[in-house]
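Chemist: Input file: work_30.txt. Contents: compact mmCIF, C-alpha atoms.
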```txt
# COMPACT_ATOMS: atom_id res chain seq x y z
CA MET G 25 0.00 0.00 0.00
CA GLY G 26 1.38 3.43 -0.94
CA ALA G 27 1.75 6.38 1.40
CA GLU G 28 -1.48 7.95 0.13
CA GLY G 29 -3.39 4.73 0.63
CA ALA G 30 -1.97 4.27 4.10
CA GLY G 31 -3.04 7.81 5.05
CA VAL G 32 -6.58 7.21 3.84
CA SER G 33 -6.63 3.92 5.73
CA ILE G 34 -5.58 5.58 8.98
CA PHE G 35 -8.28 8.23 8.69
CA SER G 36 -10.81 5.52 7.93
CA GLU G 37 -9.68 3.54 10.98
CA ALA G 38 -9.95 6.64 13.15
CA TRP G 39 -13.47 7.27 11.86
CA ASP G 40 -14.47 3.65 12.52
CA TRP G 41 -12.98 3.87 16.01
CA LEU G 42 -15.00 7.01 16.73
CA GLY G 43 -18.16 5.22 15.59
CA GLN G 44 -17.91 2.35 18.08
CA PRO G 45 -21.03 2.07 20.32
CA ASN G 46 -19.32 2.86 23.63
CA ARG G 47 -17.15 5.66 22.27
CA TRP G 48 -19.51 8.45 23.40
CA SER G 49 -20.42 7.09 26.81
CA TRP G 50 -20.19 9.24 29.94
CA THR G 51 -19.85 6.20 32.21
CA ASP G 52 -17.70 3.76 30.22
CA PRO G 53 -13.91 4.37 30.51
CA ALA G 54 -13.72 3.77 26.75
CA GLY G 55 -15.94 6.79 26.12
CA ILE G 56 -14.53 10.14 24.98
CA PRO G 57 -16.86 12.13 27.31
CA TYR G 58 -15.72 9.99 30.26
CA ARG G 59 -12.04 10.55 29.44
CA THR G 60 -12.62 14.26 28.76
CA VAL G 61 -14.14 14.75 32.20
CA GLU G 62 -11.23 12.84 33.72
CA HIS G 63 -8.77 14.99 31.74
CA LEU G 64 -10.35 18.27 32.81
CA SER G 65 -10.81 17.14 36.42
CA PHE G 66 -7.10 16.42 36.82
CA SER G 67 -6.18 19.71 35.13
CA ALA G 68 -8.61 21.85 37.12
CA LEU G 69 -7.81 20.22 40.48
CA SER G 70 -4.07 20.65 39.89
CA LEU G 71 -4.53 24.33 39.00
CA VAL G 72 -6.63 25.00 42.11
CA VAL G 73 -4.14 23.25 44.42
CA ALA G 74 -1.18 25.04 42.80
CA ALA G 75 -2.93 28.42 43.10
CA ALA G 76 -3.74 27.80 46.77
CA LEU G 77 -0.09 26.93 47.46
CA THR G 78 1.42 29.70 45.35
CA VAL G 79 -0.65 32.86 45.14
CA PRO G 80 -0.72 33.77 48.89
CA PRO G 81 3.08 33.58 49.45
CA ALA G 82 3.79 35.26 46.11
CA LEU G 83 1.34 38.04 46.99
CA TRP G 84 2.95 38.61 50.38
CA LEU G 85 6.51 38.51 49.04
CA ALA G 86 5.66 40.97 46.27
CA HIS G 87 3.85 43.28 48.68
CA SER G 88 6.84 43.35 51.01
CA ARG G 89 9.22 43.61 48.01
CA ARG G 90 11.05 40.43 48.98
CA GLY G 91 11.84 37.29 47.03
CA ALA G 92 12.85 38.79 43.66
CA PHE G 93 15.68 36.26 43.38
CA LEU G 94 13.30 33.47 44.43
CA SER G 95 10.86 34.51 41.70
CA SER G 96 13.46 34.27 38.95
CA THR G 97 14.80 31.00 40.37
CA VAL G 98 11.34 29.43 40.41
CA VAL G 99 10.62 30.27 36.78
CA ASN G 100 14.01 28.98 35.67
CA LEU G 101 13.53 25.71 37.55
CA GLY G 102 10.07 25.34 36.09
CA ARG G 103 11.45 25.62 32.58
CA ALA G 104 14.34 23.25 33.26
CA ILE G 105 12.53 20.30 34.87
CA PRO G 106 10.79 18.02 32.32
CA SER G 107 7.18 17.19 33.20
CA PHE G 108 7.55 13.55 32.15
CA GLY G 109 10.51 13.19 34.50
CA LEU G 110 8.37 14.51 37.38
CA ILE G 111 5.61 12.03 36.62
CA ILE G 112 8.06 9.10 36.58
CA LEU G 113 9.72 10.30 39.80
CA PHE G 114 6.46 10.66 41.73
CA TRP G 115 5.16 7.37 40.35
CA PHE G 116 8.27 5.64 41.66
CA LEU G 117 7.91 7.31 45.09
CA ALA G 118 4.20 6.44 45.29
CA SER G 119 5.01 2.84 44.45
CA ARG G 120 7.61 2.69 47.19
CA TRP G 121 5.23 4.25 49.73
CA GLU G 122 2.32 2.04 48.59
CA LEU G 123 0.13 5.00 47.60
CA ASN G 124 -2.46 5.09 44.83
CA THR G 125 -0.33 5.28 41.69
CA ASP G 126 -3.39 6.08 39.54
CA PHE G 127 -3.88 9.44 41.25
CA TRP G 128 -1.07 10.88 43.36
CA PRO G 129 1.93 10.76 40.99
CA LEU G 130 0.12 12.61 38.21
CA LEU G 131 -1.54 15.10 40.57
CA VAL G 132 1.69 16.03 42.37
CA ALA G 133 3.60 16.31 39.08
CA LEU G 134 0.90 18.56 37.60
CA VAL G 135 0.85 20.79 40.68
CA ALA G 136 4.63 21.13 40.50
CA LEU G 137 4.32 22.03 36.82
CA ALA G 138 1.74 24.77 37.50
CA LEU G 139 3.66 26.43 40.35
CA PRO G 140 6.23 28.48 38.34
CA PRO G 141 3.90 30.47 36.06
CA LEU G 142 1.45 31.12 38.89
CA PHE G 143 4.16 32.27 41.29
CA THR G 144 6.08 34.46 38.86
CA ASN G 145 3.00 36.11 37.36
CA THR G 146 1.52 36.83 40.78
CA TYR G 147 4.79 38.33 41.92
CA ALA G 148 5.27 40.33 38.72
CA GLY G 149 1.67 41.54 38.72
CA VAL G 150 1.79 42.85 42.29
CA VAL G 151 5.21 44.45 41.88
CA SER G 152 3.97 46.30 38.78
CA VAL G 153 1.04 47.89 40.65
CA ASP G 154 1.27 51.70 40.64
CA ALA G 155 3.09 52.80 43.79
CA ASP G 156 0.95 55.95 43.99
CA ALA G 157 -2.20 53.83 44.36
CA VAL G 158 -0.61 51.86 47.19
CA ASP G 159 0.64 55.03 48.94
CA ALA G 160 -2.79 56.63 48.62
CA ALA G 161 -4.45 53.58 50.19
CA ARG G 162 -1.90 53.53 52.99
CA GLY G 163 -2.43 57.25 53.58
CA THR G 164 -6.20 56.75 53.98
CA GLY G 165 -5.64 54.21 56.75
CA TYR G 166 -5.70 50.89 54.91
CA THR G 167 -3.93 48.09 56.73
CA GLU G 168 -1.25 46.12 54.90
CA ALA G 169 -3.65 43.19 54.50
CA GLN G 170 -6.31 45.49 53.05
CA ILE G 171 -3.78 46.94 50.62
CA MET G 172 -2.82 43.47 49.44
CA PHE G 173 -6.35 42.15 48.96
CA ARG G 174 -8.24 45.30 47.98
CA ILE G 175 -5.65 47.18 45.95
CA GLU G 176 -2.73 45.03 44.78
CA LEU G 177 -4.54 41.75 44.11
CA PRO G 178 -7.35 43.27 41.97
CA LEU G 179 -4.90 45.43 40.00
CA ALA G 180 -2.60 42.45 39.44
CA LEU G 181 -5.48 40.16 38.45
CA PRO G 182 -4.93 40.35 34.65
CA VAL G 183 -1.29 39.26 35.00
CA ILE G 184 -2.20 36.52 37.50
CA LEU G 185 -4.91 35.17 35.21
CA ALA G 186 -2.47 35.22 32.30
CA GLY G 187 -0.18 32.97 34.34
CA ALA G 188 -3.12 30.71 35.23
CA ARG G 189 -4.01 30.49 31.55
CA VAL G 190 -0.50 29.37 30.60
CA ALA G 191 -0.39 26.92 33.52
CA PHE G 192 -3.76 25.38 32.66
CA LEU G 193 -2.84 24.81 29.03
CA GLN G 194 0.39 23.15 30.15
CA LEU G 195 -1.62 20.93 32.48
CA VAL G 196 -4.08 19.93 29.75
CA ALA G 197 -1.17 18.93 27.53
CA THR G 198 0.65 17.08 30.31
CA VAL G 199 -2.29 15.05 31.62
CA ALA G 200 -2.13 13.05 28.39
CA ILE G 201 1.45 12.03 29.22
CA GLY G 202 0.28 10.62 32.54
CA ALA G 203 -1.43 7.76 30.72
CA ILE G 204 2.02 6.23 30.23
CA VAL G 205 2.41 5.44 33.93
CA ASN G 206 -1.15 4.94 35.19
CA ASP G 207 -4.64 3.91 34.10
CA GLY G 208 -5.79 7.54 33.99
CA GLY G 209 -4.37 10.17 31.74
CA GLY G 210 -7.68 11.33 30.31
CA LEU G 211 -7.66 11.48 26.52
CA GLY G 212 -4.01 10.43 26.50
CA ARG G 213 -5.21 6.93 27.37
CA TYR G 214 -6.21 6.44 23.73
CA ILE G 215 -2.77 7.40 22.45
CA VAL G 216 -0.98 5.03 24.81
CA ASP G 217 -3.41 2.17 24.15
CA GLY G 218 -3.08 2.75 20.41
CA PHE G 219 0.70 2.50 20.53
CA ALA G 220 0.39 -0.72 22.53
CA GLN G 221 -1.55 -2.27 19.62
CA GLY G 222 1.05 -1.45 17.00
CA ARG G 223 -0.20 -0.91 13.45
CA ALA G 224 -3.74 -1.87 14.45
CA GLY G 225 -3.92 1.09 16.83
CA TYR G 226 -2.97 3.88 14.42
CA GLY G 227 -6.58 5.00 14.05
CA GLU G 228 -6.97 5.24 17.83
CA ILE G 229 -3.71 7.19 18.11
CA LEU G 230 -4.88 9.69 15.49
CA ALA G 231 -8.30 10.12 17.08
CA GLY G 232 -6.81 10.49 20.56
CA GLY G 233 -4.28 13.06 19.38
CA VAL G 234 -6.95 15.12 17.64
CA ALA G 235 -9.14 14.93 20.76
CA VAL G 236 -6.32 16.33 22.93
CA ILE G 237 -5.67 19.16 20.45
CA VAL G 238 -9.36 20.07 20.25
CA LEU G 239 -9.66 20.05 24.04
CA ALA G 240 -6.61 22.32 24.41
CA LEU G 241 -8.02 24.78 21.85
CA LEU G 242 -11.41 24.83 23.58
CA CYS G 243 -9.76 25.43 26.96
CA GLU G 244 -7.71 28.27 25.48
CA GLY G 245 -10.86 29.92 24.14
CA LEU G 246 -12.77 29.37 27.38
CA PHE G 247 -9.97 30.82 29.48
CA ALA G 248 -9.82 33.86 27.20
CA LEU G 249 -13.55 34.41 27.77
CA VAL G 250 -13.12 34.04 31.54
CA ILE G 251 -10.33 36.63 31.58
CA ARG G 252 -12.39 38.98 29.43
CA TRP G 253 -15.34 38.62 31.79
CA ALA G 254 -13.38 38.82 35.05
CA VAL G 255 -11.11 41.76 34.23
CA PRO G 256 -12.52 45.27 33.56
CA ARG G 257 -11.67 46.52 30.07
CA GLY G 258 -9.72 49.54 31.27
CA LEU G 259 -7.60 47.43 33.60
CA ALA G 260 -6.97 44.85 30.87
CA LEU G 261 -5.75 47.55 28.47
CA ARG G 262 -3.52 49.02 31.13
CA ASN G 263 -1.89 45.66 31.90
CA ALA G 264 -1.55 44.78 28.22
CA ARG G 265 1.01 47.57 27.93
CA GLN G 266 3.10 46.14 30.78
CA PRO G 267 5.58 43.23 30.46
CA GLN G 268 4.38 39.90 31.83
CA VAL G 269 6.47 37.03 33.13
CA LEU G 270 5.16 33.65 31.94
```
Spell out the structure here as structure tokens.

Modeler:
Amino acid sequence: MGAEGAGVSIFSEAWDWLGQPNRWSWTDPAGIPYRTVEHLSFSALSLVVAAALTVPPALWLAHSRRGAFLSSTVVNLGRAIPSFGLIILFWFLASRWELNTDFWPLLVALVALALPPLFTNTYAGVVSVDADAVDAARGTGYTEAQIMFRIELPLALPVILAGARVAFLQLVATVAIGAIVNDGGGLGRYIVDGFAQGRAGYGEILAGGVAVIVLALLCEGLFALVIRWAVPRGLALRNARQPQVL
């Protein structure tokens, strides 16, 4: 079979795979809706946990103008450490400690992956807040906590959300890799299972890869809408002219 024929065959196999009876089930692990919910659940939970661990200390450090070196170190480490290596490391540790290897290794690795953009963008956003606005609030009797949560955090929100957007897209892409080491992995399960079948699984690999891409694009669009809704237009335009650390 020529290259053209092989390509047509793969697309046909992917279409046949998508047409299987259980492929659109919300309750069957073979179903795309089931795996999509699993994919998004892991991504969203990891983002929430990472934000809870990162935003408060980053906010306080930026408010007190401390931790500039820590901020740059965190972002550099985040770019240097491969996500797949983290997943393998935490899977090995969970196995040694007899923990649930279907959940904890992937969750901890995803949280670690989301920390750098959340930390650095929170820090950068707060540091970039107009000093005159902070001085005015302090002069009217605001406490330091009130300044952080009523002045600096709202003004830094566009930059923080930009970091959350980058982190979430990284998480959506990385969840698929998790299927290599556990039974989860969301839509990435199809890619791994397809490779395990050899030539017979090419259609499943193609369909799974397209599903991950479509999900990432939808999440990008949804996050853009959330940012547009959550951030006032004037504040968004103001922050668009300022450099952001991602």

Chemist: Which neighbours of Trp115 (chain G) fall inside 12 Å, counting all atoms listed in the file, when residues of the same chain fewer than 4 positions from it are skipped, and could you give them as a PyMOL selection string?

Modeler: chain G and resi 108-111+119-133+202-206

Chemist: Rank G:Ala68, G:Arg189, G:Leu179, G:Ala160 by their smallest atom-to-atom distance to Gly245 (chain G), using all atoms listed in the file, and report the top residue only.

Modeler: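 Counting all atoms listed in the file, the residue closest to Gly245 (chain G) is G:Arg189.
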
Chemist: Could you tell me how far CA of Arg89 (chain G) sits from CA of Val183 (chain G), in Å to one decimal place?

Modeler: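 Taking CA of Val183 (chain G) as the start and CA of Arg89 (chain G) as the end point, the length is 17.3 Å.
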
Chemist: Could you work out how far CA of His87 (chain G) lies from CA of Met172 (chain G), giving the answer in Å with one decimal?

Modeler: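 So the answer is 6.7 Å.
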
Chemist: Could you check how far CA of Pro81 (chain G) sits from CA of Ala191 (chain G), in Å to one decimal?

Modeler: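 Computed distance, CA of Pro81 (chain G) to CA of Ala191 (chain G), equals 17.6 Å.
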
Chemist: Taking 5 positions as the minimum chain separation for residues in the same chain, which residues sit within 9 Å of region 74-80 of chain G when counting only C-alpha atoms? Answer as a list of chain:residue names.

Modeler: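 Skipping anything fewer than 5 positions along the chain leaves G:Leu69, G:Leu85, G:Leu134, G:Val135, G:Ala136, G:Leu137, G:Ala138, G:Leu139, G:Pro140, G:Leu142, G:Phe143, G:Thr146, G:Tyr147, G:Ile184, G:Ala188.
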
Chemist: Using all atoms listed in the file, which of G:Phe114, G:Tyr226, G:Phe35, G:Trp84 sits nearest Gln170 (chain G)?

Modeler: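 Looking only at the distances to Gln170 (chain G), the closest residue turns out to be G:Trp84.
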
Chemist: Which residue, G:Arg223, G:Arg213, G:Arg252, G:Arg90, has the smallest gap to Thr60 (chain G) when you use all atoms listed in the file?

Modeler: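 Of G:Arg223, G:Arg213, G:Arg252, G:Arg90, the one nearest Thr60 (chain G), counting all atoms listed in the file, is G:Arg213.
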
Chemist: In file coordinates, which residues lie within 9 Å of (-8.9, 12.8, 32.5) using all atoms listed in the file, given as a list of chain:residue names?

Modeler: G:Tyr58, G:Arg59, G:Thr60, G:Val61, G:Glu62, G:His63, G:Leu64, G:Ser65, G:Phe66, G:Ser67, G:Val199, G:Ala200, G:Gly208, G:Gly209, G:Gly210, G:Leu211, G:Gly212, G:Arg213
